[in-house]
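The next block is data_8.cif, given as mmCIF, C-alpha atoms.
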data_entry
#
loop_
_atom_site.label_atom_id
_atom_site.label_comp_id
_atom_site.auth_asym_id
_atom_site.auth_seq_id
_atom_site.Cartn_x
_atom_site.Cartn_y
_atom_site.Cartn_z
CA MET A 10 14.49 65.83 7.20
CA ILE A 11 14.84 68.96 5.06
CA GLN A 12 17.84 69.99 2.95
CA VAL A 13 17.81 73.22 0.99
CA THR A 14 19.84 74.25 -2.02
CA ASP A 15 19.60 77.89 -3.02
CA ASN A 16 20.83 78.18 -6.59
CA GLN A 17 20.33 81.60 -8.19
CA ASP A 18 16.71 81.58 -9.30
CA THR A 19 15.76 78.18 -7.94
CA VAL A 20 15.34 76.94 -4.41
CA THR A 21 15.37 73.16 -4.11
CA ILE A 22 13.85 71.62 -1.01
CA GLN A 23 14.92 68.05 -0.62
CA LEU A 24 12.87 66.05 1.86
CA SER A 25 13.43 62.57 3.14
CA GLY A 26 11.50 60.06 5.23
CA ARG A 27 8.17 61.41 6.44
CA PHE A 28 6.85 64.70 5.12
CA ASP A 29 4.30 65.33 7.85
CA PHE A 30 3.03 67.58 10.64
CA ARG A 31 6.44 67.59 12.32
CA LEU A 32 7.98 69.55 9.45
CA VAL A 33 5.43 72.38 9.35
CA LYS A 34 7.58 74.88 11.23
CA ASP A 35 10.84 74.17 9.37
CA PHE A 36 9.09 74.11 6.01
CA GLN A 37 7.36 77.39 6.72
CA GLU A 38 10.61 79.10 7.55
CA LEU A 39 11.86 78.30 4.05
CA LEU A 40 8.95 80.17 2.55
CA ALA A 41 10.59 83.48 3.39
CA LYS A 42 12.82 82.96 0.34
CA GLU A 43 11.76 84.48 -2.96
CA PRO A 44 13.14 82.49 -5.88
CA LYS A 45 11.61 82.37 -9.36
CA THR A 46 11.02 78.66 -9.11
CA TRP A 47 10.79 76.07 -6.38
CA VAL A 48 11.70 72.42 -6.67
CA VAL A 49 10.37 70.14 -3.96
CA ASP A 50 12.20 66.86 -4.27
CA LEU A 51 10.11 64.06 -2.78
CA SER A 52 12.17 61.18 -4.15
CA GLY A 53 13.29 60.31 -0.62
CA VAL A 54 9.82 60.68 0.90
CA ASP A 55 7.74 57.57 1.53
CA TYR A 56 4.94 59.10 3.62
CA VAL A 57 2.93 62.31 3.51
CA ASP A 58 -0.02 63.45 5.61
CA SER A 59 -2.60 66.23 5.41
CA SER A 60 -0.10 68.71 6.89
CA ALA A 61 2.19 68.07 3.92
CA LEU A 62 -0.70 68.98 1.61
CA GLY A 63 -1.20 72.14 3.64
CA MET A 64 2.49 73.06 3.40
CA LEU A 65 2.51 72.62 -0.37
CA LEU A 66 -0.52 74.87 -0.60
CA LEU A 67 1.22 77.51 1.52
CA LEU A 68 4.06 77.31 -0.99
CA ARG A 69 1.56 77.67 -3.84
CA ASP A 70 0.20 80.80 -2.16
CA ARG A 71 3.74 82.21 -2.22
CA VAL A 72 3.80 82.02 -6.03
CA ARG A 73 0.19 83.18 -6.29
CA GLY A 74 -1.00 79.89 -7.68
CA ASP A 75 1.41 79.80 -10.63
CA ALA A 76 1.78 76.03 -11.13
CA GLN A 77 4.78 76.49 -13.43
CA ARG A 78 6.87 77.91 -10.61
CA ILE A 79 6.66 74.82 -8.39
CA HIS A 80 7.99 71.46 -9.46
CA LEU A 81 7.23 68.42 -7.30
CA ARG A 82 9.91 65.93 -8.23
CA GLY A 83 10.31 62.21 -7.62
CA VAL A 84 6.80 61.65 -6.27
CA HIS A 85 6.20 57.94 -5.81
CA GLY A 86 4.41 55.35 -3.67
CA GLN A 87 2.14 56.58 -0.86
CA PRO A 88 2.91 60.28 -1.52
CA ARG A 89 1.90 59.86 -5.18
CA ALA A 90 -1.36 58.17 -4.19
CA VAL A 91 -2.21 60.89 -1.67
CA LEU A 92 -1.20 63.86 -3.86
CA THR A 93 -3.06 62.47 -6.85
CA MET A 94 -6.17 61.81 -4.79
CA ALA A 95 -6.03 65.44 -3.60
CA LYS A 96 -5.70 66.49 -7.28
CA PHE A 97 -2.33 68.12 -6.64
CA ASP A 98 -1.17 66.81 -10.01
CA ARG A 99 -3.43 69.49 -11.48
CA MET A 100 -2.22 72.26 -9.21
CA PHE A 101 1.52 71.63 -9.45
CA LYS A 102 4.03 70.45 -11.99
CA MET A 103 4.50 66.92 -10.71
CA ASP A 104 6.54 63.92 -11.82
CA MET B 11 9.98 53.07 32.80
CA THR B 12 8.90 52.36 29.26
CA SER B 13 5.50 53.67 28.24
CA LEU B 14 2.64 51.41 27.25
CA SER B 15 3.03 52.41 23.62
CA GLN B 16 6.67 51.38 23.72
CA ARG B 17 6.05 48.03 25.37
CA ILE B 18 3.12 46.84 23.27
CA PRO B 19 4.94 46.92 19.90
CA LEU B 20 7.76 44.89 21.41
CA ALA B 21 5.31 42.28 22.65
CA PHE B 22 3.63 42.17 19.27
CA ALA B 23 6.89 42.03 17.39
CA GLU B 24 7.81 38.96 19.40
CA GLN B 25 4.40 37.36 18.82
CA ARG B 26 4.59 38.09 15.12
CA ARG B 27 8.01 36.57 14.88
CA ARG B 28 6.62 33.33 16.34
CA THR B 29 3.22 33.04 14.82
CA GLY B 30 2.60 35.85 12.34
CA THR B 31 0.20 38.77 12.51
CA LEU B 32 -2.86 36.77 11.51
CA ASP B 33 -2.44 34.27 14.32
CA VAL B 34 -2.10 37.14 16.79
CA MET B 35 -5.23 38.70 15.37
CA ARG B 36 -7.17 35.51 15.99
CA MET B 37 -6.18 35.62 19.66
CA LEU B 38 -6.62 39.34 20.32
CA ARG B 39 -9.99 40.52 21.57
CA HIS B 40 -9.49 44.12 22.44
CA LEU B 41 -6.98 46.83 23.18
CA GLU B 42 -7.43 50.11 25.01
CA LEU B 43 -4.96 52.93 24.70
CA GLU B 44 -4.83 56.58 25.67
CA CYS B 45 -2.87 59.50 24.37
CA ARG B 46 -2.51 63.14 25.22
CA THR B 47 0.37 64.51 23.14
CA ARG B 48 1.47 64.29 19.51
CA ASP B 49 4.36 62.00 20.41
CA GLU B 50 1.91 59.62 22.04
CA VAL B 51 -0.31 59.80 18.95
CA GLU B 52 2.44 58.27 16.85
CA GLY B 53 3.01 55.52 19.42
CA VAL B 54 -0.66 54.60 19.52
CA ALA B 55 -0.99 54.75 15.73
CA ASP B 56 2.03 52.48 15.24
CA VAL B 57 0.65 49.87 17.65
CA ILE B 58 -2.77 49.73 16.01
CA ALA B 59 -1.53 50.04 12.41
CA GLY B 60 0.40 46.82 12.93
CA LEU B 61 -2.92 45.03 13.38
CA LEU B 62 -4.46 46.33 10.15
CA PRO B 63 -4.47 44.85 6.65
CA GLU B 64 -2.72 47.92 5.20
CA PRO B 65 -0.44 49.28 7.93
CA LEU B 66 0.91 52.31 6.04
CA LEU B 67 -2.49 53.65 5.05
CA GLY B 68 -3.84 52.65 8.45
CA ARG B 69 -1.10 54.60 10.21
CA LEU B 70 -1.85 57.71 8.18
CA GLY B 71 -5.57 57.45 8.95
CA LEU B 72 -5.00 56.87 12.64
CA VAL B 73 -2.50 59.72 13.03
CA GLU B 74 -4.89 62.11 11.27
CA LEU B 75 -7.85 61.10 13.43
CA LEU B 76 -5.85 61.13 16.66
CA LEU B 77 -4.29 64.52 15.93
CA ASN B 78 -7.76 65.89 15.18
CA ALA B 79 -8.98 64.47 18.48
CA ILE B 80 -6.17 66.22 20.36
CA GLU B 81 -5.98 69.51 18.49
CA HIS B 82 -9.62 70.17 17.66
CA GLY B 83 -11.31 68.03 20.32
CA ASN B 84 -9.32 68.18 23.54
CA LEU B 85 -7.46 71.44 22.94
CA GLU B 86 -10.41 73.20 21.25
CA ILE B 87 -8.32 74.74 18.48
CA GLY B 88 -10.91 75.15 15.73
CA ARG B 89 -10.13 74.96 12.04
CA ALA B 90 -10.06 78.72 11.45
CA LEU B 91 -7.91 79.33 14.51
CA LYS B 92 -5.47 76.58 13.50
CA GLY B 93 -5.17 78.06 10.01
CA ARG B 94 -4.47 81.49 11.44
CA LEU B 95 -1.93 80.16 13.94
CA ILE B 96 -0.08 78.24 11.21
CA ARG B 97 0.11 81.31 8.99
CA GLU B 98 1.40 83.35 11.93
CA HIS B 99 3.96 80.64 12.80
CA ARG B 100 2.39 80.28 16.24
CA PHE B 101 0.62 76.92 16.03
CA GLU B 102 3.28 74.79 17.74
CA GLU B 103 3.60 77.33 20.51
CA GLU B 104 -0.15 77.49 21.15
CA LEU B 105 -0.43 73.70 21.07
CA ALA B 106 2.34 73.35 23.66
CA ALA B 107 0.82 76.07 25.84
CA ARG B 108 -2.63 74.47 25.88
CA LEU B 109 -1.17 71.06 26.67
CA GLU B 110 0.18 72.57 29.88
CA ARG B 111 -2.96 74.48 30.83
CA GLU B 112 -6.22 73.34 32.39
CA PRO B 113 -8.82 72.33 31.41
CA TYR B 114 -6.94 70.97 28.38
CA ARG B 115 -4.02 69.48 30.27
CA SER B 116 -5.92 66.62 31.89
CA ARG B 117 -7.87 65.60 28.78
CA ARG B 118 -7.01 62.37 27.02
CA VAL B 119 -7.91 60.68 23.75
CA HIS B 120 -9.31 57.22 24.45
CA VAL B 121 -8.81 54.54 21.83
CA ARG B 122 -10.51 51.19 21.86
CA VAL B 123 -9.87 48.43 19.34
CA ASP B 124 -12.29 45.50 19.26
CA ILE B 125 -11.35 42.48 17.23
CA ALA B 126 -13.60 39.69 16.05
CA PHE B 127 -11.29 38.38 13.37
CA PRO B 128 -11.44 39.16 10.47
CA GLN B 129 -13.18 42.34 11.63
CA VAL B 130 -11.42 45.16 13.46
CA GLU B 131 -13.37 48.06 14.99
CA ILE B 132 -11.57 51.19 16.13
CA GLU B 133 -13.18 53.84 18.31
CA ILE B 134 -11.39 57.13 18.97
CA ARG B 135 -13.02 59.31 21.62
CA ASP B 136 -11.87 62.76 22.69
CA GLU B 137 -13.07 64.89 25.59
CA GLY B 138 -14.13 67.82 23.44
CA VAL B 139 -17.56 69.03 22.39
CA GLY B 140 -17.68 67.47 18.90
CA PHE B 141 -18.03 69.17 15.52
CA ALA B 142 -20.15 69.29 12.36
CA TRP B 143 -18.82 65.97 11.11
CA ARG B 144 -21.38 65.28 8.38
CA SER B 145 -20.29 68.15 6.18
CA GLU B 146 -16.62 67.30 6.77
CA LEU B 147 -17.12 63.69 5.69
CA ALA B 148 -18.96 64.80 2.58
CA SER B 149 -16.26 67.27 1.50
CA GLU B 150 -13.55 66.64 -1.08
CA VAL B 151 -9.89 67.14 -0.22
CA GLU B 152 -9.43 69.73 -2.95
CA ALA B 153 -12.41 71.75 -1.72
CA HIS B 154 -10.35 73.14 1.16
CA ASP B 155 -8.27 76.27 0.96
CA GLY B 156 -5.42 77.15 3.24
CA PRO B 157 -2.86 75.17 5.19
CA ASN B 158 -5.20 72.89 7.15
CA GLY B 159 -8.63 71.24 7.24
CA ARG B 160 -8.06 68.34 4.83
CA GLY B 161 -7.52 65.53 7.33
CA ILE B 162 -10.98 64.01 7.45
CA ALA B 163 -11.54 64.17 3.70
CA LEU B 164 -8.13 62.58 3.19
CA VAL B 165 -8.79 59.80 5.68
CA SER B 166 -12.22 58.94 4.34
CA ARG B 167 -11.03 58.97 0.71
CA THR B 168 -7.69 57.23 1.17
CA CYS B 169 -7.51 55.24 4.39
CA PHE B 170 -10.86 54.36 5.94
CA ALA B 171 -13.74 54.34 3.47
CA ASN B 172 -16.33 53.77 6.19
CA LEU B 173 -15.17 56.44 8.65
CA GLN B 174 -18.13 57.54 10.75
CA TYR B 175 -18.70 59.72 13.80
CA ARG B 176 -21.06 59.42 16.69
CA ASP B 177 -22.88 62.61 17.68
CA PRO B 178 -21.91 65.17 18.79
CA GLY B 179 -18.77 64.26 16.84
CA ASN B 180 -16.25 63.52 19.57
CA ILE B 181 -16.21 59.80 18.71
CA ALA B 182 -14.72 58.57 15.43
CA LEU B 183 -15.51 55.01 14.35
CA VAL B 184 -13.70 52.87 11.82
CA THR B 185 -14.39 49.27 10.84
CA LEU B 186 -11.94 47.25 8.78
CA VAL B 187 -12.12 43.69 7.56
CA TRP B 188 -9.07 41.56 6.82
CA PRO B 189 -9.38 40.01 3.37
CA ARG B 190 -9.84 36.22 3.43
#
Could you rewrite the structure in this file as structure tokens?
Amino acid sequence: MIQVTDNQDTVTIQLSGRFDFRLVKDFQELLAKEPKTWVVDLSGVDYVDSSALGMLLLLRDRVRGDAQRIHLRGVHGQPRAVLTMAKFDRMFKMD
Amino acid sequence: MTSLSQRIPLAFAEQRRRTGTLDVMRMLRHLELECRTRDEVEGVADVIAGLLPEPLLGRLGLVELLLNAIEHGNLEIGRALKGRLIREHRFEEELAARLEREPYRSRRVHVRVDIAFPQVEIEIRDEGVGFAWRSELASEVEAHDGPNGRGIALVSRTCFANLQYRDPGNIALVTLVWPR
């Protein structure tokens, strides 16, 4: 599930449950926004797949690779293991 | 009528309640399942993941391999085409269209699980023409650009360390061993 908060310069995308191939379309639609910074809150996510990695990289393309403009928040459990393995902790601000 | 993928988990859930997964594993010899759509992929993955030592990682690996088998194998949507379709917001639409169109429509992914406890062998066969699997297996997840193409690297690094393919690449093979 995706919830979005649009707060002046920051768009927060709050995801819950599985962040996987089923969310590609909805996630992509959010990318039309143009905030200064993005927060992707994964504290409610317990499962990611390769499509989630792809979606985060599409988001990264939107900010032209500027890691400081995307904050992956609340990454834990399986998502942390997968994102770290894919070296996303080097490409995004992640905690 | 309930589908096979709906009935099997119920049967297993009941067995597990009585005797536990390991006892079921000692009695199971093999399972054969088929899937055609992404919904069915999740059903098949959930059934098999329940038989594996690490169900959550196993589920991820199975879903990735089964989706590859459908999208790239049976439906012949190559990596570059998938990337382009995703960027153009047309991937879901193209996937749905091919699923309704021959020759893709009648193709299935065939899954066979052979168990000789503690060993579990999983074979995933699609009806496509295969792919250059050796270079995919050797690649790192971070080596890929764009919205897609990381599945196999992810699976082999995170879920199934001994993922292999049989030439021409339309058969994926995974062997897992339950720890003693």
Check: Taking only C-alpha atoms into account, what are the residues of chain A at most 9 Å from chain B, put as a list in words?
Finding: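 Using only C-alpha atoms, chain A residues at most 9 Å from chain B: Val33, Lys34, Gln37, Glu38, Tyr56, Val57, Asp58, Ser59, Ser60, Ala61, Leu62, Gly63, Met64, Leu65, Leu66, Leu67, Asp70, Gln87, Ala90, Val91, Met94, Ala95, Lys96 and Phe97 of chain A.
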Notebook entry, point to check: In Å, with one decimal, what is the gap from atom CA of B:Pro178 to atom CA of B:Glu131?
Noted result: 19.5 Å
Check: Near B:Leu43, counting only C-alpha atoms, which residues have an atom at most 12 Å away, once you skip same-chain residues fewer than 3 positions from it, shown as a VMD selection string?
Finding: chain B and resid 13 to 16 18 40 46 50 to 51 53 to 58 76 118 to 124 132 to 135
Next item on the list: Could you jot down the atom CA of B:Glu52 to atom CA of B:Ala142 separation for me, Å, one decimal place?
Entry: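 Taking atom CA of B:Glu52 and atom CA of B:Ala142, their separation equals 25.5 Å.
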Notebook entry, point to check: Contacts of A:Val13 at 10 Å or less, counting only C-alpha atoms, minus same-chain residues fewer than 6 places along, as a ChimeraX atom specification?
Noted result: /A:20-24,39,48-50
Check: Just how far from atom CA of A:Ser52 is atom CA of A:Leu40, in Å to one decimal?
Finding: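 Separation of atom CA of A:Leu40 and atom CA of A:Ser52: 20.4 Å.
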Please write the residues picked by the PyMOL selection byres ((chain A and resi 74) around 12) on this file as a PDB file with C-alpha atoms, keeping the file's coordinate frame.
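Done, and the output landed in result_34.pdb:
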ATOM      1  CA  LEU A  65       2.510  72.620  -0.370  1.00  0.00           C
ATOM      2  CA  LEU A  66      -0.520  74.870  -0.600  1.00  0.00           C
ATOM      3  CA  LEU A  67       1.220  77.510   1.520  1.00  0.00           C
ATOM      4  CA  LEU A  68       4.060  77.310  -0.990  1.00  0.00           C
ATOM      5  CA  ARG A  69       1.560  77.670  -3.840  1.00  0.00           C
ATOM      6  CA  ASP A  70       0.200  80.800  -2.160  1.00  0.00           C
ATOM      7  CA  ARG A  71       3.740  82.210  -2.220  1.00  0.00           C
ATOM      8  CA  VAL A  72       3.800  82.020  -6.030  1.00  0.00           C
ATOM      9  CA  ARG A  73       0.190  83.180  -6.290  1.00  0.00           C
ATOM     10  CA  ASP A  75       1.410  79.800 -10.630  1.00  0.00           C
ATOM     11  CA  ALA A  76       1.780  76.030 -11.130  1.00  0.00           C
ATOM     12  CA  GLN A  77       4.780  76.490 -13.430  1.00  0.00           C
ATOM     13  CA  ARG A  78       6.870  77.910 -10.610  1.00  0.00           C
ATOM     14  CA  ILE A  79       6.660  74.820  -8.390  1.00  0.00           C
ATOM     15  CA  PHE A  97      -2.330  68.120  -6.640  1.00  0.00           C
ATOM     16  CA  ARG A  99      -3.430  69.490 -11.480  1.00  0.00           C
ATOM     17  CA  MET A 100      -2.220  72.260  -9.210  1.00  0.00           C
ATOM     18  CA  PHE A 101       1.520  71.630  -9.450  1.00  0.00           C
ATOM     19  CA  LYS A 102       4.030  70.450 -11.990  1.00  0.00           C
TER      20      LYS A 102
ATOM     21  CA  ASP B 155      -8.270  76.270   0.960  1.00  0.00           C
TER      22      ASP B 155
END
Next item on the list: Measuring atom to atom with all atoms listed in the file, identify which of B:Gly83, B:Pro128, B:Gly140, B:Pro65 is nearest to B:Tyr114.
Entry: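 Closest residue, counting all atoms listed in the file: B:Gly83.
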Note to self: Residue by residue, what does the PyMOL selection byres ((chain B and resi 180-187) around 8) grab here? Present the result as a PyMOL selection string.
What the structure shows: chain B and resi 62-63+75+79+83+127-141+170+172-179+188-189
Can you tell me, as JSON, the centre and edge lengths (Å, one decimal) of the axis-aligned box enclosing all of stretch 56-71 of chain A's listed atoms after padding each side by 5 Å?
{"center_x": 1.2, "center_y": 70.7, "center_z": 1.5, "size_x": 17.5, "size_y": 33.1, "size_z": 20.7}
Next item on the list: Let me know the residues the PyMOL selection byres ((chain B and resi 36) around 10) catches in the file above, as a list in words.
Entry: Thr31, Leu32, Asp33, Val34, Met35, Met37, Leu38, Arg39, Ile125, Ala126, Phe127 and Pro128 of chain B
Next item on the list: Find the spatial neighbours of A:His85, counting all atoms listed in the file, within a cut-off of 9 Å - ignore same-chain residues fewer than 4 positions away - and output them as a VMD selection string.
Entry: chain A and resid 51 to 52 54 to 55 89 to 90 104
Notebook entry, point to check: Quick one: of A:Met103, A:Leu81, A:Leu92, A:Ile11, who's nearest to A:Arg27, counting only C-alpha atoms?
Noted result: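 Of A:Met103, A:Leu81, A:Leu92, A:Ile11, the one nearest A:Arg27, counting only C-alpha atoms, is A:Ile11.
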